[in-house]
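Colleague: Below you will find the structure I want to go over with you.
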Amino acid sequence: SGAEMAIAPFTADESGLYKFEVTAKLGSRKQAKTCYIGVREEHEISRFETAAYVSDAGGGDDSMWCWPRQIDTTFSHSGMGSLKVTPHAKDGTWPRIVFGRNGYMVWDLTNASSVSLWAYNAGTEPIEGFALAVADEKISSGSQLFAIQTLPAKQWTKVTMWMANVKVNKPDLDLTKVTVFYGNVASDYQNRSTFYLDDVTINYGEADPKPTPA
């Protein structure tokens, strides 16, 4: 009829992806519109649920060129989507994905027990030399600490940075302003298989393992 629909309030009681459908009908004519609203968990960095989440995966122009990334809503560790990274065939050796929110690229990890993510290697051979890392706001070399984890082929692998290790190995790092990133830290870059990232989270209350010197 062209009349404006009444505004109805919506309250999200739980995190997740909410789907909204509105259908208008006039005689034999019918039109439907669908939209999604993502509600993040309290300690979520990113779950890469829809295309809007791709901005959570930042980095410089060189890294973007070497590691083009997009949201894939057909494959995920949990939820609706994941971040798909299709490496350039030859360009770049040490690309990284810097995790942020709305252009702000540091996180307060003061009371966290760990930071973790899940990675999937879509290739046929293991990927060596990738690491979840923390650093200061400028990502200066002396502040960086790596949690290196081999990614076996065709499976999801959890990668964890324990804050107990950070406190022992980087005691001067300001935990209120920590950069969290994922990248290649090996001396070269051979296996350029496509990979996926999902469920990047800050965790609390976990039992820290015994710190390991870097």
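Here, A, B, ... name the chains of the structure tokens in the order displayed, residue numbers run from 1 inside each chain, and ligands are numbered from 1 in the same displayed order.
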Distance table requested - region 90-125 of chain A against region 149-155 of chain A, cut-off 7 Å, only C-alpha atoms: one row per qualifying residue with the closest atom pair and its distance in Å to one decimal, ordered by chain and rising residue number, as a Markdown table.
Modeller:
```
| residue | atom | partner | partner_atom | distance |
| --- | --- | --- | --- | --- |
| A:Tyr120 | CA | A:Gln155 | CA | 5.5 |
| A:Asn121 | CA | A:Ala153 | CA | 5.2 |
| A:Ala122 | CA | A:Lys154 | CA | 5.3 |
| A:Gly123 | CA | A:Ala153 | CA | 5.6 |
| A:Thr124 | CA | A:Ala153 | CA | 5.3 |
| A:Glu125 | CA | A:Ala153 | CA | 5.4 |
```
Colleague: Once DSSP has gone over the backbone, tell me which residues of region 11-208 of chain A are in alpha helix (DSSP H), as number ranges by chain.
Modeller: A: 61-66, 163-169
Colleague: Give the strand (DSSP E or B) residues of region 155-202 of chain A, as DSSP finds them on the backbone, and put them as a ChimeraX atom specification.
Modeller: /A:156-162,178-184,195-202
Colleague: Using only C-alpha atoms, which residue out of A:Thr93, A:Val166, A:Gln70, A:Ser76 lies closest to Ser187 (chain A)?
Modeller: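 For Ser187 (chain A), the nearest of the given residues is A:Thr93.
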Colleague: Can you work out the spacing between CA of Lys170 (chain A) and CA of Val134 (chain A) in Å, to one decimal?
Modeller: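 These two atoms are separated by 9.7 Å.
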Colleague: Write out as a ChimeraX atom specification each polymer residue whose atoms come within 12 Å of Asp172 (chain A), counting only C-alpha atoms; drop sequence neighbours fewer than 6 positions from it.
Modeller: /A:135-136,142-144,166,178
Colleague: Write the residues of the selection above to a file with N, CA and C atoms, as a compact mmCIF listing (two decimals), in the first residue's frame.
Modeller:
```txt
# COMPACT_ATOMS: atom_id res chain seq x y z
N ALA A 135 51.95 -7.95 20.29
CA ALA A 135 52.99 -6.94 20.22
C ALA A 135 52.46 -5.64 20.79
N ASP A 136 53.31 -4.63 20.85
CA ASP A 136 52.84 -3.33 21.29
C ASP A 136 52.06 -2.64 20.18
N GLY A 142 60.94 -5.78 18.93
CA GLY A 142 61.32 -6.23 20.27
C GLY A 142 60.15 -6.58 21.16
N SER A 143 58.95 -6.16 20.78
CA SER A 143 57.77 -6.42 21.62
C SER A 143 57.00 -7.66 21.18
N GLN A 144 57.37 -8.25 20.06
CA GLN A 144 56.57 -9.34 19.49
C GLN A 144 56.85 -10.68 20.17
N VAL A 166 53.23 -14.48 27.87
CA VAL A 166 53.45 -13.07 27.55
C VAL A 166 54.05 -12.35 28.75
N VAL A 178 47.40 -3.98 23.48
CA VAL A 178 48.11 -5.08 22.82
C VAL A 178 47.59 -5.26 21.40
```
Colleague: Excluding Met64 (chain A) and residues on its chain fewer than 4 positions from it, collect all residues at most 12 Å away from it, counting only C-alpha atoms, and give them as a list of chain:residue names.
Modeller: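 The neighbour list is A:Val54, A:Ser55, A:Ala57, A:Gly58, A:Gly59, A:Gly60, A:Pro68, A:Arg69, A:Gln70, A:Val85, A:Thr86, A:Pro87, A:His88, A:Asp91, A:Gly92, A:Trp94, A:Pro95, A:Arg96, A:Ile97, A:Val98, A:Gly183.
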Colleague: What is the distance, in Å and to one decimal place, between CA of Arg40 (chain A) and CA of Glu137 (chain A)?
Modeller: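 These atoms are spaced 23.7 Å apart.
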Colleague: Tell me, as a PyMOL selection string, which residues lie within 8 Å of region 190-202 of chain A, counting only C-alpha atoms; anything in the same chain fewer than 3 positions away does not count.
Modeller: chain A and resi 43-48+76-78+81-89+109+112-123+125-128
Colleague: Go ahead and write the selection's residues with N, CA and C atoms as an mmCIF file, in the first residue's frame.
Modeller:
```
data_model
loop_
_atom_site.group_PDB
_atom_site.id
_atom_site.type_symbol
_atom_site.label_atom_id
_atom_site.label_comp_id
_atom_site.auth_asym_id
_atom_site.auth_seq_id
_atom_site.Cartn_x
_atom_site.Cartn_y
_atom_site.Cartn_z
ATOM 1 N N HIS A 43 33.565 -11.109 24.791
ATOM 2 C CA HIS A 43 35.022 -11.146 24.635
ATOM 3 C C HIS A 43 35.436 -11.591 23.231
ATOM 4 N N GLU A 44 34.570 -11.440 22.296
ATOM 5 C CA GLU A 44 34.856 -11.821 20.917
ATOM 6 C C GLU A 44 35.721 -10.774 20.227
ATOM 7 N N ILE A 45 36.756 -11.234 19.509
ATOM 8 C CA ILE A 45 37.471 -10.353 18.583
ATOM 9 C C ILE A 45 36.774 -10.408 17.230
ATOM 10 N N SER A 46 36.579 -11.607 16.682
ATOM 11 C CA SER A 46 35.755 -11.751 15.486
ATOM 12 C C SER A 46 35.412 -13.211 15.243
ATOM 13 N N ARG A 47 34.168 -13.427 14.800
ATOM 14 C CA ARG A 47 33.742 -14.748 14.348
ATOM 15 C C ARG A 47 33.450 -14.746 12.843
ATOM 16 N N PHE A 48 33.660 -13.607 12.200
ATOM 17 C CA PHE A 48 33.584 -13.505 10.744
ATOM 18 C C PHE A 48 32.277 -14.097 10.186
ATOM 19 N N SER A 76 32.832 -22.824 7.960
ATOM 20 C CA SER A 76 33.176 -22.191 9.230
ATOM 21 C C SER A 76 33.515 -23.245 10.273
ATOM 22 N N HIS A 77 34.199 -22.786 11.309
ATOM 23 C CA HIS A 77 34.420 -23.649 12.473
ATOM 24 C C HIS A 77 33.179 -23.657 13.346
ATOM 25 N N SER A 78 32.558 -22.502 13.477
ATOM 26 C CA SER A 78 31.280 -22.384 14.178
ATOM 27 C C SER A 78 30.514 -21.224 13.568
ATOM 28 N N GLY A 81 29.999 -18.099 9.244
ATOM 29 C CA GLY A 81 31.063 -17.816 8.285
ATOM 30 C C GLY A 81 32.444 -17.891 8.887
ATOM 31 N N SER A 82 33.445 -17.689 8.040
ATOM 32 C CA SER A 82 34.842 -17.639 8.461
ATOM 33 C C SER A 82 35.586 -16.699 7.521
ATOM 34 N N LEU A 83 36.824 -16.375 7.877
ATOM 35 C CA LEU A 83 37.664 -15.538 7.032
ATOM 36 C C LEU A 83 38.470 -16.443 6.108
ATOM 37 N N LYS A 84 38.272 -16.290 4.812
ATOM 38 C CA LYS A 84 39.001 -17.082 3.820
ATOM 39 C C LYS A 84 40.160 -16.251 3.289
ATOM 40 N N VAL A 85 41.366 -16.833 3.322
ATOM 41 C CA VAL A 85 42.564 -16.153 2.841
ATOM 42 C C VAL A 85 43.146 -16.969 1.690
ATOM 43 N N THR A 86 43.267 -16.325 0.532
ATOM 44 C CA THR A 86 43.793 -16.978 -0.669
ATOM 45 C C THR A 86 45.130 -16.322 -1.015
ATOM 46 N N PRO A 87 46.262 -16.899 -0.556
ATOM 47 C CA PRO A 87 47.560 -16.247 -0.724
ATOM 48 C C PRO A 87 47.942 -16.016 -2.184
ATOM 49 N N HIS A 88 48.656 -14.920 -2.420
ATOM 50 C CA HIS A 88 49.215 -14.662 -3.733
ATOM 51 C C HIS A 88 50.199 -15.770 -4.077
ATOM 52 N N ALA A 89 50.279 -16.126 -5.341
ATOM 53 C CA ALA A 89 51.098 -17.259 -5.760
ATOM 54 C C ALA A 89 52.580 -17.088 -5.469
ATOM 55 N N LEU A 109 44.235 -6.757 27.329
ATOM 56 C CA LEU A 109 44.369 -8.158 27.740
ATOM 57 C C LEU A 109 44.804 -8.275 29.193
ATOM 58 N N ALA A 112 43.051 -11.171 30.900
ATOM 59 C CA ALA A 112 42.799 -12.353 30.069
ATOM 60 C C ALA A 112 43.742 -13.495 30.439
ATOM 61 N N SER A 113 43.292 -14.708 30.203
ATOM 62 C CA SER A 113 44.159 -15.878 30.379
ATOM 63 C C SER A 113 44.801 -16.297 29.060
ATOM 64 N N SER A 114 44.141 -15.991 27.943
ATOM 65 C CA SER A 114 44.708 -16.337 26.634
ATOM 66 C C SER A 114 43.959 -15.611 25.531
ATOM 67 N N VAL A 115 44.548 -15.655 24.341
ATOM 68 C CA VAL A 115 43.881 -15.267 23.098
ATOM 69 C C VAL A 115 43.976 -16.482 22.184
ATOM 70 N N SER A 116 42.906 -16.796 21.479
ATOM 71 C CA SER A 116 42.940 -17.989 20.633
ATOM 72 C C SER A 116 42.169 -17.771 19.341
ATOM 73 N N LEU A 117 42.468 -18.627 18.372
ATOM 74 C CA LEU A 117 41.707 -18.668 17.132
ATOM 75 C C LEU A 117 41.750 -20.089 16.590
ATOM 76 N N TRP A 118 40.909 -20.352 15.612
ATOM 77 C CA TRP A 118 40.904 -21.630 14.912
ATOM 78 C C TRP A 118 41.294 -21.390 13.462
ATOM 79 N N ALA A 119 42.198 -22.221 12.948
ATOM 80 C CA ALA A 119 42.682 -22.095 11.575
ATOM 81 C C ALA A 119 42.495 -23.406 10.829
ATOM 82 N N TYR A 120 42.134 -23.298 9.562
ATOM 83 C CA TYR A 120 41.923 -24.483 8.713
ATOM 84 C C TYR A 120 42.810 -24.388 7.488
ATOM 85 N N ASN A 121 43.622 -25.399 7.275
ATOM 86 C CA ASN A 121 44.505 -25.493 6.114
ATOM 87 C C ASN A 121 43.781 -26.278 5.030
ATOM 88 N N ALA A 122 43.434 -25.610 3.928
ATOM 89 C CA ALA A 122 42.687 -26.263 2.850
ATOM 90 C C ALA A 122 43.589 -27.024 1.886
ATOM 91 N N GLY A 123 44.898 -26.960 2.094
ATOM 92 C CA GLY A 123 45.828 -27.634 1.206
ATOM 93 C C GLY A 123 45.984 -29.110 1.527
ATOM 94 N N GLU A 125 49.196 -30.412 2.177
ATOM 95 C CA GLU A 125 50.400 -30.554 2.984
ATOM 96 C C GLU A 125 50.324 -29.601 4.177
ATOM 97 N N PRO A 126 50.986 -29.936 5.287
ATOM 98 C CA PRO A 126 50.961 -29.042 6.453
ATOM 99 C C PRO A 126 51.540 -27.668 6.124
ATOM 100 N N ILE A 127 51.020 -26.658 6.779
ATOM 101 C CA ILE A 127 51.576 -25.307 6.685
ATOM 102 C C ILE A 127 52.426 -25.078 7.932
ATOM 103 N N GLU A 128 53.692 -24.738 7.725
ATOM 104 C CA GLU A 128 54.616 -24.484 8.824
ATOM 105 C C GLU A 128 54.889 -22.982 8.933
#
```
Colleague: Kindly give the distance, in Å, that separates CA of Val159 (chain A) and CA of Phe181 (chain A), rounded to a single decimal.
Modeller: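 According to the coordinates, CA of Val159 (chain A) and CA of Phe181 (chain A) are separated by 11.8 Å.
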Colleague: Using only C-alpha atoms, which protein or nucleic acid residues come within 7 Å of Thr23 (chain A)? Drop anything in the same chain fewer than 6 positions from it, and give the result as a short mmCIF file (atom, residue, chain, number, x, y, z; two decimals) with C-alpha atoms, in the first residue's frame.
Modeller:
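Saved the output as around13.cif:
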```
data_model
loop_
_atom_site.label_atom_id
_atom_site.label_comp_id
_atom_site.auth_asym_id
_atom_site.auth_seq_id
_atom_site.Cartn_x
_atom_site.Cartn_y
_atom_site.Cartn_z
CA GLN A 31 7.77 -8.68 -1.84
CA ALA A 32 10.12 -9.86 0.90
CA LYS A 33 13.23 -8.28 2.36
#
```
Colleague: Leaving out Val168 (chain A) and any residue of its chain fewer than 2 positions from it, which residues lie within 10 Å of it when counting only C-alpha atoms, given as a list in words?
Modeller: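 Close residues of Val168 (chain A): Met163, Ala164, Asn165, Val166, Lys170, Pro171, Asp172, Pro211, Thr212, Pro213 and Ala214 of chain A.
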Colleague: For C-alpha atoms, I'd like the residues from the last selection saved as a compact mmCIF listing (two decimals), in the first residue's frame.
Modeller:
```txt
# COMPACT_ATOMS: atom_id res chain seq x y z
CA MET A 163 49.08 -14.68 28.71
CA ALA A 164 51.31 -16.45 31.26
CA ASN A 165 53.93 -16.72 28.50
CA VAL A 166 53.45 -13.07 27.55
CA LYS A 170 57.49 -9.67 27.51
CA PRO A 171 57.19 -8.19 31.01
CA ASP A 172 57.33 -4.61 29.70
CA PRO A 211 55.21 -20.43 31.04
CA THR A 212 57.63 -21.33 28.27
CA PRO A 213 60.67 -19.09 27.64
CA ALA A 214 60.63 -17.62 24.13
```
Colleague: A:Asp56, A:Asp174, A:Asp61, A:Asp72: which is nearest Met105 (chain A), counting only C-alpha atoms?
Modeller: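 Smallest distance to Met105 (chain A) is found for A:Asp56.
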Colleague: Counting only C-alpha atoms, which of A:Ile71, A:Ala6, A:Ala207, A:Ile37 gets nearest to Tyr53 (chain A)?
Modeller: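 For Tyr53 (chain A), the nearest of the given residues is A:Ile71.
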